[in-house]
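Accompanying notes for the structure given below.
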Amino acid sequence: MRGVPDIQAWLTGPAIGCRGSRLVPTVANGTPGFGQYRPHATGTGYVPWALQVVEFRDNRISGITAYRDTERLFPLFGLPDRLSDSALGPQYVAASSARA
């Protein structure tokens, strides 16, 4: 995907299941990253979905790589295996509020 139109089409199409996700900041290989948690199917809490690693070039986002092996990776980055609704605070970013 390149540019705002491609990203908007993805987020409102195939990625719509991620609406309401929460992001927990981390660092991967010295670059910013996030543990992404999608809403649990029961509607209570959030479950691991992906480790998102953000790449920058010239002070702009040049790429985002998603690693889906959360069972193996989340513990390595100190990310919890689940988020409860009550655990959410200002340190958690609502992914659906981000604009492309």
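Chain labels run A, B, ... following the order of the structure tokens; each chain numbers its residues from 1, and ligands are numbered from 1 in the order shown.
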Q: Write out as a VMD selection string all residues of chain A that DSSP puts in helix (DSSP H, G or I) for this structure's backbone.
A: chain A and resid 3 to 12 14 to 18 70 to 76 85 to 87 95 to 97
Q.
Show me, as a VMD selection string, the residues that have an atom within 12 Å of Asp81 of chain A when counting only C-alpha atoms, minus same-chain residues fewer than 6 positions from it.
A. chain A and resid 24 35 to 38 45 to 50 70 to 75
I need the chosen residues saved as a PDB file, in the first residue's frame, with C-alpha atoms.
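Printed below is selection_2.pdb as written:
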ATOM      1  CA  VAL A  24       0.577  -0.857  23.497  1.00  0.00           C
ATOM      2  CA  GLY A  35       1.494  -4.643  20.409  1.00  0.00           C
ATOM      3  CA  GLN A  36      -1.889  -4.622  18.690  1.00  0.00           C
ATOM      4  CA  TYR A  37      -4.863  -6.088  20.541  1.00  0.00           C
ATOM      5  CA  ARG A  38      -8.201  -6.654  18.826  1.00  0.00           C
ATOM      6  CA  GLY A  45     -11.300  -7.273  26.769  1.00  0.00           C
ATOM      7  CA  TYR A  46      -8.733  -7.464  23.984  1.00  0.00           C
ATOM      8  CA  VAL A  47      -6.600 -10.284  22.592  1.00  0.00           C
ATOM      9  CA  PRO A  48      -3.177 -10.136  20.885  1.00  0.00           C
ATOM     10  CA  TRP A  49      -3.292  -9.695  17.130  1.00  0.00           C
ATOM     11  CA  ALA A  50       0.092  -8.463  15.876  1.00  0.00           C
ATOM     12  CA  THR A  70       2.003 -13.106  19.066  1.00  0.00           C
ATOM     13  CA  GLU A  71       2.272 -16.204  21.243  1.00  0.00           C
ATOM     14  CA  ARG A  72       6.036 -16.239  20.773  1.00  0.00           C
ATOM     15  CA  LEU A  73       6.762 -12.522  20.324  1.00  0.00           C
ATOM     16  CA  PHE A  74       4.616 -10.743  22.904  1.00  0.00           C
ATOM     17  CA  PRO A  75       6.433 -12.275  25.901  1.00  0.00           C
TER      18      PRO A  75
END
Q: Write out as a PyMOL selection string the residues lying within 10 Å of Thr44 of chain A, counting only C-alpha atoms and excluding same-chain residues fewer than 2 positions away.
A: chain A and resi 39-42+46-47+83-86
Output file for the residues above (C-alpha atoms, as a compact mmCIF listing (two decimals), in the first residue's frame):
# COMPACT_ATOMS: atom_id res chain seq x y z
CA PRO A 39 -11.51 -6.69 20.70
CA HIS A 40 -12.25 -10.17 22.05
CA ALA A 41 -15.08 -11.99 20.24
CA THR A 42 -17.09 -12.02 23.48
CA TYR A 46 -8.73 -7.46 23.98
CA VAL A 47 -6.60 -10.28 22.59
CA LEU A 83 -5.94 -6.59 27.94
CA SER A 84 -9.00 -6.17 30.11
CA ASP A 85 -11.38 -3.28 29.65
CA SER A 86 -10.51 -2.00 33.12
Q) Mind checking DSSP for chain A and telling me the strand (DSSP E) residues as a ChimeraX atom specification? A) /A:22-28,31-39,46-57,60-67,93-94
Can you write just those residues out, C-alpha atoms, as a compact mmCIF listing (two decimals), in the first residue's frame?
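To be explicit, this is the file written out as result29.txt:
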# COMPACT_ATOMS: atom_id res chain seq x y z
CA ARG A 22 -5.71 -1.04 21.18
CA LEU A 23 -1.98 -0.44 20.72
CA VAL A 24 0.58 -0.86 23.50
CA PRO A 25 3.89 0.92 22.76
CA THR A 26 7.16 -1.02 22.68
CA VAL A 27 10.53 -0.89 20.91
CA ALA A 28 11.79 -3.43 18.37
CA THR A 31 12.53 1.43 16.32
CA PRO A 32 9.02 2.17 17.62
CA GLY A 33 6.60 -0.69 17.72
CA PHE A 34 3.20 -1.57 19.10
CA GLY A 35 1.49 -4.64 20.41
CA GLN A 36 -1.89 -4.62 18.69
CA TYR A 37 -4.86 -6.09 20.54
CA ARG A 38 -8.20 -6.65 18.83
CA PRO A 39 -11.51 -6.69 20.70
CA TYR A 46 -8.73 -7.46 23.98
CA VAL A 47 -6.60 -10.28 22.59
CA PRO A 48 -3.18 -10.14 20.89
CA TRP A 49 -3.29 -9.70 17.13
CA ALA A 50 0.09 -8.46 15.88
CA LEU A 51 3.39 -6.84 16.74
CA GLN A 52 3.50 -3.73 14.54
CA VAL A 53 6.99 -2.36 13.84
CA VAL A 54 7.16 1.16 12.37
CA GLU A 55 9.98 2.21 10.03
CA PHE A 56 10.91 5.84 9.35
CA ARG A 57 12.72 7.62 6.54
CA ARG A 60 8.04 10.10 7.80
CA ILE A 61 6.62 6.63 8.19
CA SER A 62 8.11 4.56 5.38
CA GLY A 63 6.75 1.19 6.39
CA ILE A 64 4.88 -0.84 8.94
CA THR A 65 5.55 -4.55 9.32
CA ALA A 66 3.08 -6.74 11.20
CA TYR A 67 4.30 -9.94 12.87
CA VAL A 93 -3.83 4.09 21.91
CA ALA A 94 -7.15 3.43 20.22
Q) Any idea what the distance is between atom CA of Pro14 of chain A and atom CA of Asp69 of chain A? A)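 Taking atom CA of Pro14 of chain A and atom CA of Asp69 of chain A, their separation equals 19.6 Å.
The coordinates place atom CA of Gly78 of chain A at 21.9 Å from atom CA of Cys18 of chain A.
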(Q) Considering only C-alpha atoms, can you say which of A:Asp58, A:Ser21, A:Gly30, A:Ile7 comes closest to Gly43 of chain A? (A) A:Ser21
Q.
To one decimal place in Å, what is the distance between atom CA of Leu11 of chain A and atom CA of Pro80 of chain A?
A.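 Atom CA of Pro80 of chain A lies at a distance of 24.9 Å from atom CA of Leu11 of chain A.
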